[in-house]
file coords_26.txt (compact mmCIF, C-alpha atoms and all ligand atoms)
# COMPACT_ATOMS: atom_id res chain seq x y z
CA MET A 1 -8.83 -15.71 -11.65
CA THR A 2 -8.55 -11.99 -10.94
CA LEU A 3 -5.49 -10.04 -9.84
CA ILE A 4 -6.38 -7.79 -6.90
CA ASP A 5 -4.64 -4.54 -7.74
CA GLY A 6 -3.79 -2.78 -4.46
CA ARG A 7 -3.01 0.55 -6.09
CA PRO A 8 -6.56 1.89 -6.63
CA LEU A 9 -7.41 0.99 -3.02
CA ALA A 10 -4.23 2.72 -1.84
CA ALA A 11 -5.15 5.81 -3.89
CA GLU A 12 -8.66 5.83 -2.38
CA LEU A 13 -7.27 5.53 1.16
CA ARG A 14 -4.78 8.33 0.49
CA GLN A 15 -7.57 10.53 -0.86
CA GLN A 16 -9.70 9.97 2.26
CA LEU A 17 -6.61 10.66 4.33
CA ALA A 18 -5.82 13.95 2.57
CA ALA A 19 -9.40 15.13 3.16
CA ALA A 20 -9.25 14.25 6.87
CA VAL A 21 -5.81 15.84 7.26
CA SER A 22 -6.96 19.09 5.68
CA GLU A 23 -9.87 19.21 8.16
CA LEU A 24 -7.40 18.75 10.98
CA ALA A 25 -5.12 21.42 9.50
CA ALA A 26 -7.89 23.95 10.17
CA THR A 27 -7.20 23.38 13.86
CA GLY A 28 -3.50 24.13 13.26
CA LEU A 29 -2.42 20.51 13.73
CA GLU A 30 0.07 18.91 11.32
CA PRO A 31 0.16 15.11 11.69
CA THR A 32 3.86 14.25 11.91
CA LEU A 33 5.58 10.91 11.42
CA ALA A 34 9.14 10.44 12.65
CA ALA A 35 11.23 7.65 11.16
CA VAL A 36 14.31 6.52 13.04
CA VAL A 37 16.94 5.21 10.65
CA ALA A 38 19.77 3.29 12.23
CA THR A 39 21.45 1.64 9.28
CA PRO A 40 21.65 3.02 5.74
CA ASP A 41 20.29 0.28 3.49
CA PRO A 42 18.91 0.37 -0.09
CA ALA A 43 15.59 -1.27 0.90
CA THR A 44 15.14 1.19 3.80
CA GLU A 45 15.94 4.14 1.58
CA TRP A 46 13.47 2.93 -1.04
CA TYR A 47 10.78 2.52 1.62
CA LEU A 48 11.44 5.99 3.05
CA ARG A 49 11.23 7.55 -0.41
CA SER A 50 7.90 5.84 -1.12
CA LEU A 51 6.55 6.89 2.28
CA ALA A 52 7.64 10.49 1.71
CA ARG A 53 6.05 10.47 -1.77
CA ALA A 54 2.72 9.39 -0.27
CA ALA A 55 2.95 11.55 2.88
CA ALA A 56 3.53 14.95 1.23
CA PRO A 57 0.34 15.13 -0.89
CA ALA A 58 -1.70 13.80 2.05
CA GLY A 59 -0.40 16.65 4.22
CA ILE A 60 1.53 14.41 6.61
CA VAL A 61 4.89 15.78 7.71
CA MET A 62 7.77 13.31 7.72
CA ARG A 63 10.80 13.73 9.91
CA GLU A 64 13.77 11.41 9.31
CA VAL A 65 15.95 10.92 12.38
CA GLY A 66 19.34 9.43 11.59
CA VAL A 67 21.39 7.60 14.19
CA GLU A 68 25.08 6.79 13.91
CA GLU A 69 25.60 3.34 12.41
CA GLY A 70 25.84 0.60 15.02
CA ASP A 71 24.70 2.86 17.86
CA ALA A 72 21.99 0.81 19.62
CA GLY A 73 21.87 3.26 22.54
CA GLY A 74 21.38 6.11 20.07
CA VAL A 75 18.34 4.35 18.56
CA ILE A 76 16.77 3.91 22.00
CA ALA A 77 17.54 7.51 22.99
CA ALA A 78 15.99 8.80 19.74
CA LEU A 79 12.83 6.72 20.28
CA ASP A 80 12.52 7.90 23.90
CA GLU A 81 12.98 11.51 22.84
CA LEU A 82 10.43 11.31 20.02
CA SER A 83 7.95 9.53 22.31
CA ALA A 84 8.11 12.55 24.63
CA ASP A 85 7.96 15.15 21.83
CA PRO A 86 4.42 16.60 21.56
CA GLY A 87 5.15 17.68 17.97
CA VAL A 88 5.51 14.05 16.85
CA HIS A 89 2.38 11.91 16.48
CA GLY A 90 3.68 8.70 14.93
CA ILE A 91 7.01 6.90 15.21
CA ILE A 92 8.50 4.08 13.17
CA CYS A 93 11.85 2.42 13.66
CA LEU A 94 13.39 1.09 10.48
CA THR A 95 15.36 -2.11 10.21
CA PRO A 96 18.11 -3.25 9.93
CA LEU A 97 18.98 -2.35 13.52
CA PRO A 98 22.42 -2.35 15.12
CA ASP A 99 23.70 -5.73 16.36
CA GLY A 100 22.28 -6.65 19.72
CA LEU A 101 19.06 -4.66 19.30
CA ASP A 102 15.93 -6.30 17.94
CA LEU A 103 12.76 -4.59 16.83
CA ALA A 104 10.68 -5.74 19.82
CA GLU A 105 13.28 -4.30 22.19
CA ALA A 106 13.49 -1.02 20.26
CA GLY A 107 9.68 -0.98 19.98
CA GLU A 108 9.36 -0.89 23.76
CA HIS A 109 10.76 2.65 23.53
CA ILE A 110 7.95 3.82 21.21
CA ALA A 111 5.02 5.24 23.20
CA PRO A 112 2.01 2.98 22.42
CA ALA A 113 -0.08 6.05 21.48
CA LYS A 114 2.49 6.85 18.74
CA ASP A 115 3.22 3.25 17.74
CA VAL A 116 1.74 3.57 14.24
CA ASP A 117 3.42 0.39 12.94
CA GLY A 118 2.65 -1.75 15.99
CA ALA A 119 6.29 -2.34 16.97
CA ASN A 120 5.81 -2.09 20.73
CA PRO A 121 4.99 -5.54 22.21
CA THR A 122 2.33 -3.70 24.25
CA SER A 123 0.46 -2.99 20.99
CA LEU A 124 0.47 -6.70 20.09
CA GLY A 125 -0.71 -7.59 23.60
CA ARG A 126 -3.53 -5.06 23.43
CA LEU A 127 -4.50 -6.41 20.01
CA ALA A 128 -4.61 -9.93 21.48
CA ALA A 129 -6.76 -8.66 24.36
CA GLY A 130 -9.19 -6.96 21.97
CA LEU A 131 -8.22 -3.48 23.18
CA PRO A 132 -7.69 -0.49 20.87
CA ALA A 133 -4.15 -0.62 19.50
CA PHE A 134 -2.20 0.00 16.34
CA ALA A 135 -1.57 -3.21 14.39
CA PRO A 136 1.46 -3.40 12.10
CA ALA A 137 0.46 -1.61 8.91
CA THR A 138 1.17 -4.63 6.70
CA ALA A 139 -1.16 -6.87 8.70
CA TRP A 140 -3.88 -4.22 8.66
CA ALA A 141 -3.36 -3.70 4.90
CA VAL A 142 -4.28 -7.36 4.35
CA LEU A 143 -7.58 -6.79 6.19
CA GLU A 144 -8.23 -3.61 4.15
CA ILE A 145 -7.70 -5.54 0.91
CA LEU A 146 -10.06 -8.33 1.99
CA ARG A 147 -12.66 -5.76 3.05
CA ALA A 148 -12.40 -3.90 -0.26
CA TRP A 149 -12.60 -7.20 -2.15
CA GLY A 150 -15.81 -8.02 -0.31
CA THR A 151 -14.47 -11.21 1.27
CA ASP A 152 -16.75 -12.47 4.01
CA LEU A 153 -14.44 -13.46 6.86
CA ASN A 154 -17.24 -14.46 9.19
CA GLY A 155 -16.70 -18.19 9.80
CA ALA A 156 -14.24 -18.41 6.89
CA GLU A 157 -11.20 -20.69 7.03
CA ALA A 158 -8.16 -18.42 7.00
CA VAL A 159 -4.64 -19.83 6.85
CA VAL A 160 -1.64 -17.60 7.43
CA VAL A 161 1.76 -18.96 6.41
CA GLY A 162 4.36 -17.20 8.59
CA ARG A 163 4.32 -16.45 12.31
CA SER A 164 6.53 -13.37 12.62
CA THR A 165 5.75 -10.69 15.18
CA VAL A 166 5.51 -8.06 12.44
CA VAL A 167 3.18 -9.87 10.04
CA GLY A 168 1.94 -13.40 10.76
CA LYS A 169 0.97 -13.14 14.44
CA PRO A 170 -0.82 -9.75 14.34
CA LEU A 171 -2.54 -10.78 11.11
CA ALA A 172 -3.81 -13.97 12.76
CA LEU A 173 -5.23 -11.84 15.59
CA LEU A 174 -6.94 -9.45 13.18
CA LEU A 175 -8.47 -12.32 11.20
CA LEU A 176 -9.64 -13.91 14.43
CA ALA A 177 -11.22 -10.62 15.52
CA ALA A 178 -13.04 -10.62 12.16
CA ASN A 179 -14.49 -14.05 13.10
CA ALA A 180 -12.41 -16.17 10.74
CA THR A 181 -11.27 -19.63 11.84
CA VAL A 182 -7.52 -19.10 11.79
CA THR A 183 -4.64 -21.51 11.30
CA VAL A 184 -1.04 -20.29 11.42
CA CYS A 185 1.69 -22.24 9.60
CA HIS A 186 5.45 -21.94 9.86
CA SER A 187 8.67 -23.69 8.88
CA ARG A 188 7.91 -26.70 11.11
CA THR A 189 4.36 -27.23 9.84
CA ARG A 190 3.94 -30.79 8.60
CA GLY A 191 2.21 -31.25 5.25
CA LEU A 192 1.91 -27.53 4.49
CA ALA A 193 -0.14 -28.01 1.31
CA ALA A 194 -2.76 -30.14 3.11
CA VAL A 195 -3.21 -27.37 5.70
CA THR A 196 -3.24 -24.43 3.26
CA ARG A 197 -5.73 -26.26 0.99
CA ARG A 198 -8.32 -25.80 3.75
CA ALA A 199 -8.20 -22.04 3.31
CA ASP A 200 -10.94 -19.84 1.91
CA VAL A 201 -8.42 -17.06 2.51
CA LEU A 202 -4.75 -17.94 2.24
CA VAL A 203 -2.11 -15.40 3.26
CA ALA A 204 1.57 -16.01 2.50
CA ALA A 205 3.99 -14.02 4.67
CA VAL A 206 7.15 -16.08 4.45
CA GLY A 207 9.87 -14.49 2.36
CA ARG A 208 10.41 -17.49 0.04
CA ALA A 209 9.97 -16.73 -3.64
CA ARG A 210 7.07 -18.68 -5.18
CA LEU A 211 6.75 -21.09 -2.24
CA ILE A 212 2.97 -21.30 -2.67
CA GLY A 213 1.98 -23.24 -5.78
CA ALA A 214 -1.28 -24.60 -7.17
CA GLU A 215 -1.09 -27.63 -4.85
CA HIS A 216 -1.37 -25.30 -1.82
CA VAL A 217 -4.57 -23.60 -2.94
CA ARG A 218 -8.18 -24.64 -2.63
CA GLU A 219 -10.42 -24.07 -5.64
CA GLY A 220 -11.85 -20.55 -5.44
CA ALA A 221 -9.65 -19.34 -2.56
CA VAL A 222 -8.59 -15.71 -2.19
CA VAL A 223 -4.80 -15.58 -1.94
CA ILE A 224 -2.97 -12.63 -0.40
CA ASP A 225 0.74 -12.46 -1.08
CA VAL A 226 2.65 -10.44 1.54
CA GLY A 227 6.08 -11.74 0.52
CA THR A 228 8.62 -9.51 -1.15
CA ASN A 229 11.64 -11.31 -2.53
CA ALA A 230 14.33 -9.61 -4.60
CA THR A 231 15.22 -11.38 -7.84
CA ASP A 232 18.70 -11.55 -9.38
CA ALA A 233 17.42 -9.30 -12.15
CA GLY A 234 16.68 -6.55 -9.61
CA GLY A 235 12.92 -7.15 -9.58
CA LEU A 236 10.54 -8.22 -6.85
CA VAL A 237 8.49 -11.42 -6.60
CA GLY A 238 6.10 -12.64 -3.94
CA ASP A 239 5.76 -15.89 -2.03
CA VAL A 240 3.04 -17.05 -4.41
CA ASP A 241 3.66 -18.59 -7.81
CA THR A 242 0.91 -16.48 -9.37
CA ALA A 243 1.03 -18.16 -12.79
CA ALA A 244 0.58 -21.61 -11.21
CA VAL A 245 -2.10 -20.53 -8.74
CA GLU A 246 -4.11 -18.78 -11.46
CA ALA A 247 -5.94 -21.97 -12.40
CA VAL A 248 -7.28 -22.60 -8.88
CA ALA A 249 -7.60 -19.34 -6.91
CA SER A 250 -10.46 -16.91 -7.43
CA ALA A 251 -8.18 -13.91 -6.78
CA VAL A 252 -4.54 -13.20 -5.95
CA THR A 253 -2.72 -10.01 -4.97
CA PRO A 254 0.26 -9.22 -7.22
CA VAL A 255 3.79 -8.36 -6.08
CA PRO A 256 4.55 -5.53 -6.53
CA GLY A 257 1.28 -3.58 -6.56
CA GLY A 258 -0.63 -5.55 -3.93
CA VAL A 259 -0.16 -5.51 -0.15
CA GLY A 260 2.89 -3.23 -0.24
CA ALA A 261 0.99 -0.47 -2.04
CA VAL A 262 -1.77 -0.51 0.58
CA THR A 263 0.62 -0.77 3.55
CA THR A 264 1.99 2.75 3.05
CA ALA A 265 -1.52 4.25 2.94
CA VAL A 266 -2.52 2.34 6.09
CA LEU A 267 0.57 3.51 7.95
CA LEU A 268 -0.13 7.15 7.08
CA GLY A 269 -3.76 6.65 8.15
CA ASN A 270 -2.45 5.49 11.52
CA VAL A 271 -0.45 8.72 11.83
CA LEU A 272 -3.66 10.68 11.35
CA ARG A 273 -5.40 8.57 14.02
CA ALA A 274 -2.46 9.06 16.38
CA ALA A 275 -2.76 12.82 15.82
CA GLY A 276 -6.39 12.61 16.86
CA GLY A 277 -7.95 12.74 13.39
P1 LIG A 301 10.21 -13.55 8.89
O1 LIG A 301 10.30 -12.83 10.17
O2 LIG A 301 11.44 -14.11 8.26
O3 LIG A 301 9.15 -14.75 9.07
C1 LIG A 301 8.96 -15.69 8.07
C2 LIG A 301 7.99 -16.73 8.56
O4 LIG A 301 7.85 -17.70 7.52
C3 LIG A 301 8.46 -17.48 9.81
O5 LIG A 301 7.40 -17.65 10.71
C4 LIG A 301 8.93 -18.83 9.26
O6 LIG A 301 8.75 -19.91 10.14
C5 LIG A 301 8.01 -19.00 8.07
N1 LIG A 301 8.59 -19.90 7.07
C6 LIG A 301 9.85 -19.89 6.58
N2 LIG A 301 10.00 -20.88 5.67
C7 LIG A 301 8.83 -21.53 5.61
C8 LIG A 301 8.36 -22.64 4.88
N3 LIG A 301 9.15 -23.27 4.00
N4 LIG A 301 7.11 -23.05 5.07
C9 LIG A 301 6.28 -22.41 5.94
N5 LIG A 301 6.67 -21.33 6.67
C10 LIG A 301 7.92 -20.90 6.51
O7 LIG A 301 9.53 -12.65 7.75
P2 LIG A 301 8.46 -11.44 7.89
O8 LIG A 301 9.13 -10.23 8.41
O9 LIG A 301 7.21 -11.93 8.52
O10 LIG A 301 8.19 -11.16 6.36
C11 LIG A 301 7.61 -12.14 5.53
C12 LIG A 301 7.62 -11.64 4.10
O11 LIG A 301 6.79 -10.50 4.03
C13 LIG A 301 9.00 -11.18 3.60
O12 LIG A 301 9.10 -11.49 2.22
C14 LIG A 301 8.97 -9.69 3.81
O13 LIG A 301 9.82 -9.01 2.91
C15 LIG A 301 7.52 -9.41 3.47
N6 LIG A 301 6.99 -8.17 4.05
C16 LIG A 301 6.24 -7.41 3.23
C17 LIG A 301 5.67 -6.24 3.71
C18 LIG A 301 4.78 -5.45 2.80
O14 LIG A 301 4.37 -4.35 3.16
N7 LIG A 301 4.43 -5.98 1.64
C19 LIG A 301 5.92 -5.84 5.02
C20 LIG A 301 6.65 -6.67 5.87
C21 LIG A 301 7.19 -7.84 5.36
P3 LIG A 301 9.55 -20.04 11.54
O15 LIG A 301 8.86 -19.08 12.47
O16 LIG A 301 9.37 -21.45 11.92
O17 LIG A 301 10.97 -19.65 11.25
call {"tool": "encode", "arguments": {"input": "coords_26.txt", "output": "structure tokens", "more": "lines below"}}
Ligand code: NAP
result
Amino acid sequence: MTLIDGRPLAAELRQQLAAAVSELAATGLEPTLAAVVATPDPATEWYLRSLARAAAPAGIVMREVGVEEGDAGGVIAALDELSADPGVHGIICLTPLPDGLDLAEAGEHIAPAKDVDGANPTSLGRLAAGLPAFAPATAWAVLEILRAWGTDLNGAEAVVVGRSTVVGKPLALLLLAANATVTVCHSRTRGLAAVTRRADVLVAAVGRARLIGAEHVREGAVVIDVGTNATDAGGLVGDVDTAAVEAVASAVTPVPGGVGAVTTAVLLGNVLRAAGG
């Protein structure tokens, strides 16, 4: 079995991005990403730092917009304002959000043309209808990894475990658009292992440490681990028990260093596209 290291792919995507951004800079345009932060949270701060680290060398400007804690109206007002600001090309809204406001509701206040992380339900609808739209960066990162790995999705059995609006559902749509035969599993799926064992491509997007073991994987399958679960020791593990799956899968993405690494590069690429690059 091979570990699919996402970092070289992320580096390649960032390099392509930097080249395209510098071309755009000649026209005086600076692709700008605004991040609305409603609730200070260690995971959010870590994510913002890693985004900023990747954005700066690529020439993407990042603007962090803080909102008073618990102020749902403030989040909506900030998103409306940024949507109307011609100097902002991409907008993301970071979770956790204030009580009473969910991401889909907040996402409705991100202009679809600037919705670089596919948070507006309109983006998901357009994706379902086969119209141009931004997909959530994580879902698109999975497709980028499969493409780079040379996985033929045409007619392949793809099983996605997880049906969230941010990962599972858009990913199922992207796999379908790539001509895979797609099955989506969730917490009520009966006989999970029997379903996942059908997969040529198995994607775990659950949020349960090491849920996917050898019994869930078909011989030779490519396994993509989207899950990120904090360990008591302060580390990060995925949804896949990589050591157990090693004997059956042909390839598995590691956590960290797999999907997460590529997600950031994809998101910044979407900012460039939103800026017209
Ligand atoms: P979520 O909204 O909590 O959704 C989890 C999904 O898993 C739900 O559809 C749930 O089913 C399903 N599920 C829960 N327990 C299950 C079980 N025992 N068997 C089968 N399905 C089960 O989570 P999410 O936002 O999609 O995130 C999923 C994971 O991806 C998390 O670990 C998150 O941290 C990670 N993530 C990573 C990135 C990245 O860039 N690497 C980005 C986003 C998220 P029900 O619908 O029936 O409840």
call {"tool": "closest_residue", "arguments": {"input": "coords_26.txt", "among": "A:Gly235, A:Gly257, A:Gly191, A:Pro136", "to": "Ala209 of chain A", "atoms": "only C-alpha atoms"}}
result
A:Gly235
call {"tool": "residues_around", "arguments": {"input": "coords_26.txt", "residues": "Ala56 of chain A", "least_positions_apart": "4", "cutoff": "12 Å", "atoms": "all atoms listed in the file", "output": "count of residues only"}}
result
18
call {"tool": "closest_residue", "arguments": {"input": "coords_26.txt", "among": "A:Leu48, A:Val266, A:Ala106, A:Ile212", "to": "Ala11 of chain A", "atoms": "only C-alpha atoms"}}
result
A:Val266
call {"tool": "residues_around", "arguments": {"input": "coords_26.txt", "residues": "segment 75-82 of chain A", "least_positions_apart": "2", "cutoff": "10 Å", "atoms": "only C-alpha atoms", "output": "PyMOL selection string"}}
result
chain A and resi 33-38+65-73+84-93+97-98+101+105-111+114
call {"tool": "closest_residue", "arguments": {"input": "coords_26.txt", "among": "A:Thr231, A:Thr2, A:Ser250, A:Ser83", "to": "Asp115 of chain A", "atoms": "all atoms listed in the file"}}
result
A:Ser83
call {"tool": "residues_near_point", "arguments": {"input": "coords_26.txt", "point": "(-0.7, -8.7, 20.4)", "cutoff": "10 Å", "atoms": "all atoms listed in the file", "output": "list in words"}}
result
Gly118, Asn120, Pro121, Thr122, Ser123, Leu124, Gly125, Arg126, Leu127, Ala128, Ala129, Gly130, Leu131, Ala133, Phe134, Ala135, Thr165, Lys169, Pro170, Leu171, Ala172, Leu173 and Leu174 of chain A
call {"tool": "residues_near_point", "arguments": {"input": "coords_26.txt", "point": "(-6.6, -16.7, 2.9)", "cutoff": "6 Å", "atoms": "all atoms listed in the file", "output": "PyMOL selection string"}}
result
chain A and resi 158-159+199-203+222-223
call {"tool": "closest_residue", "arguments": {"input": "coords_26.txt", "among": "A:Asp225, A:Glu219, A:Glu12, A:Asp5", "to": "ligand LIG 301 (chain A)", "atoms": "only C-alpha atoms and all ligand atoms"}}
result
A:Asp225
call {"tool": "decode", "arguments": {"input": "coords_26.txt", "residues": "segment 21-32 of chain A", "atoms": "all heavy atoms", "output": "mmCIF file, in the first residue's frame"}}
result
data_model
loop_
_atom_site.group_PDB
_atom_site.id
_atom_site.type_symbol
_atom_site.label_atom_id
_atom_site.label_comp_id
_atom_site.auth_asym_id
_atom_site.auth_seq_id
_atom_site.Cartn_x
_atom_site.Cartn_y
_atom_site.Cartn_z
ATOM 1 N N VAL A 21 -1.245 34.359 -10.367
ATOM 2 C CA VAL A 21 -1.503 35.605 -9.634
ATOM 3 C C VAL A 21 -0.549 36.697 -10.100
ATOM 4 O O VAL A 21 -0.946 37.852 -10.252
ATOM 5 C CB VAL A 21 -1.395 35.390 -8.098
ATOM 6 C CG1 VAL A 21 -1.423 36.716 -7.351
ATOM 7 C CG2 VAL A 21 -2.520 34.489 -7.605
ATOM 8 N N SER A 22 0.715 36.315 -10.361
ATOM 9 C CA SER A 22 1.660 37.371 -10.769
ATOM 10 C C SER A 22 1.292 37.896 -12.160
ATOM 11 O O SER A 22 1.504 39.066 -12.449
ATOM 12 C CB SER A 22 3.114 36.905 -10.679
ATOM 13 O OG SER A 22 3.370 35.991 -11.685
ATOM 14 N N GLU A 23 0.720 37.039 -13.015
ATOM 15 C CA GLU A 23 0.232 37.523 -14.321
ATOM 16 C C GLU A 23 -0.891 38.537 -14.127
ATOM 17 O O GLU A 23 -0.952 39.567 -14.777
ATOM 18 C CB GLU A 23 -0.325 36.354 -15.142
ATOM 19 C CG GLU A 23 0.674 35.785 -16.121
ATOM 20 C CD GLU A 23 0.100 34.586 -16.852
ATOM 21 O OE1 GLU A 23 -1.071 34.642 -17.268
ATOM 22 O OE2 GLU A 23 0.840 33.598 -16.967
ATOM 23 N N LEU A 24 -1.776 38.204 -13.183
ATOM 24 C CA LEU A 24 -2.917 39.072 -12.916
ATOM 25 C C LEU A 24 -2.457 40.391 -12.285
ATOM 26 O O LEU A 24 -3.019 41.458 -12.543
ATOM 27 C CB LEU A 24 -3.871 38.338 -11.947
ATOM 28 C CG LEU A 24 -5.327 38.715 -11.973
ATOM 29 C CD1 LEU A 24 -5.943 38.379 -13.316
ATOM 30 C CD2 LEU A 24 -6.078 37.955 -10.876
ATOM 31 N N ALA A 25 -1.370 40.311 -11.497
ATOM 32 C CA ALA A 25 -0.857 41.502 -10.816
ATOM 33 C C ALA A 25 -0.434 42.563 -11.841
ATOM 34 O O ALA A 25 -0.503 43.766 -11.564
ATOM 35 C CB ALA A 25 0.305 41.126 -9.914
ATOM 36 N N ALA A 26 -0.014 42.098 -13.020
ATOM 37 C CA ALA A 26 0.390 43.034 -14.075
ATOM 38 C C ALA A 26 -0.777 43.927 -14.487
ATOM 39 O O ALA A 26 -0.576 45.035 -14.982
ATOM 40 C CB ALA A 26 0.908 42.249 -15.283
ATOM 41 N N THR A 27 -1.997 43.450 -14.258
ATOM 42 C CA THR A 27 -3.170 44.265 -14.592
ATOM 43 C C THR A 27 -3.592 45.133 -13.392
ATOM 44 O O THR A 27 -4.615 45.814 -13.440
ATOM 45 C CB THR A 27 -4.374 43.373 -14.999
ATOM 46 O OG1 THR A 27 -4.812 42.658 -13.834
ATOM 47 C CG2 THR A 27 -4.036 42.399 -16.096
ATOM 48 N N GLY A 28 -2.826 45.038 -12.304
ATOM 49 C CA GLY A 28 -3.101 45.861 -11.122
ATOM 50 C C GLY A 28 -4.098 45.222 -10.174
ATOM 51 O O GLY A 28 -4.507 45.829 -9.180
ATOM 52 N N LEU A 29 -4.458 43.967 -10.438
ATOM 53 C CA LEU A 29 -5.468 43.310 -9.599
ATOM 54 C C LEU A 29 -4.814 42.445 -8.516
ATOM 55 O O LEU A 29 -3.901 41.669 -8.806
ATOM 56 C CB LEU A 29 -6.342 42.447 -10.498
ATOM 57 C CG LEU A 29 -7.776 42.273 -10.029
ATOM 58 C CD1 LEU A 29 -8.710 42.349 -11.213
ATOM 59 C CD2 LEU A 29 -7.963 40.958 -9.324
ATOM 60 N N GLU A 30 -5.248 42.600 -7.284
ATOM 61 C CA GLU A 30 -4.726 41.777 -6.188
ATOM 62 C C GLU A 30 -5.848 40.886 -5.677
ATOM 63 O O GLU A 30 -6.775 41.367 -5.000
ATOM 64 C CB GLU A 30 -4.286 42.677 -5.024
ATOM 65 C CG GLU A 30 -2.906 43.243 -5.159
ATOM 66 C CD GLU A 30 -2.482 43.953 -3.881
ATOM 67 O OE1 GLU A 30 -3.323 44.640 -3.272
ATOM 68 O OE2 GLU A 30 -1.314 43.807 -3.499
ATOM 69 N N PRO A 31 -5.831 39.587 -5.994
ATOM 70 C CA PRO A 31 -6.897 38.705 -5.506
ATOM 71 C C PRO A 31 -6.965 38.761 -3.973
ATOM 72 O O PRO A 31 -5.951 38.598 -3.289
ATOM 73 C CB PRO A 31 -6.473 37.316 -5.973
ATOM 74 C CG PRO A 31 -5.491 37.550 -7.063
ATOM 75 C CD PRO A 31 -4.825 38.855 -6.765
ATOM 76 N N THR A 32 -8.143 39.047 -3.460
ATOM 77 C CA THR A 32 -8.295 39.260 -2.014
ATOM 78 C C THR A 32 -9.349 38.343 -1.424
ATOM 79 O O THR A 32 -10.465 38.248 -1.933
ATOM 80 C CB THR A 32 -8.669 40.740 -1.754
ATOM 81 O OG1 THR A 32 -7.622 41.566 -2.281
ATOM 82 C CG2 THR A 32 -8.845 41.028 -0.273
#
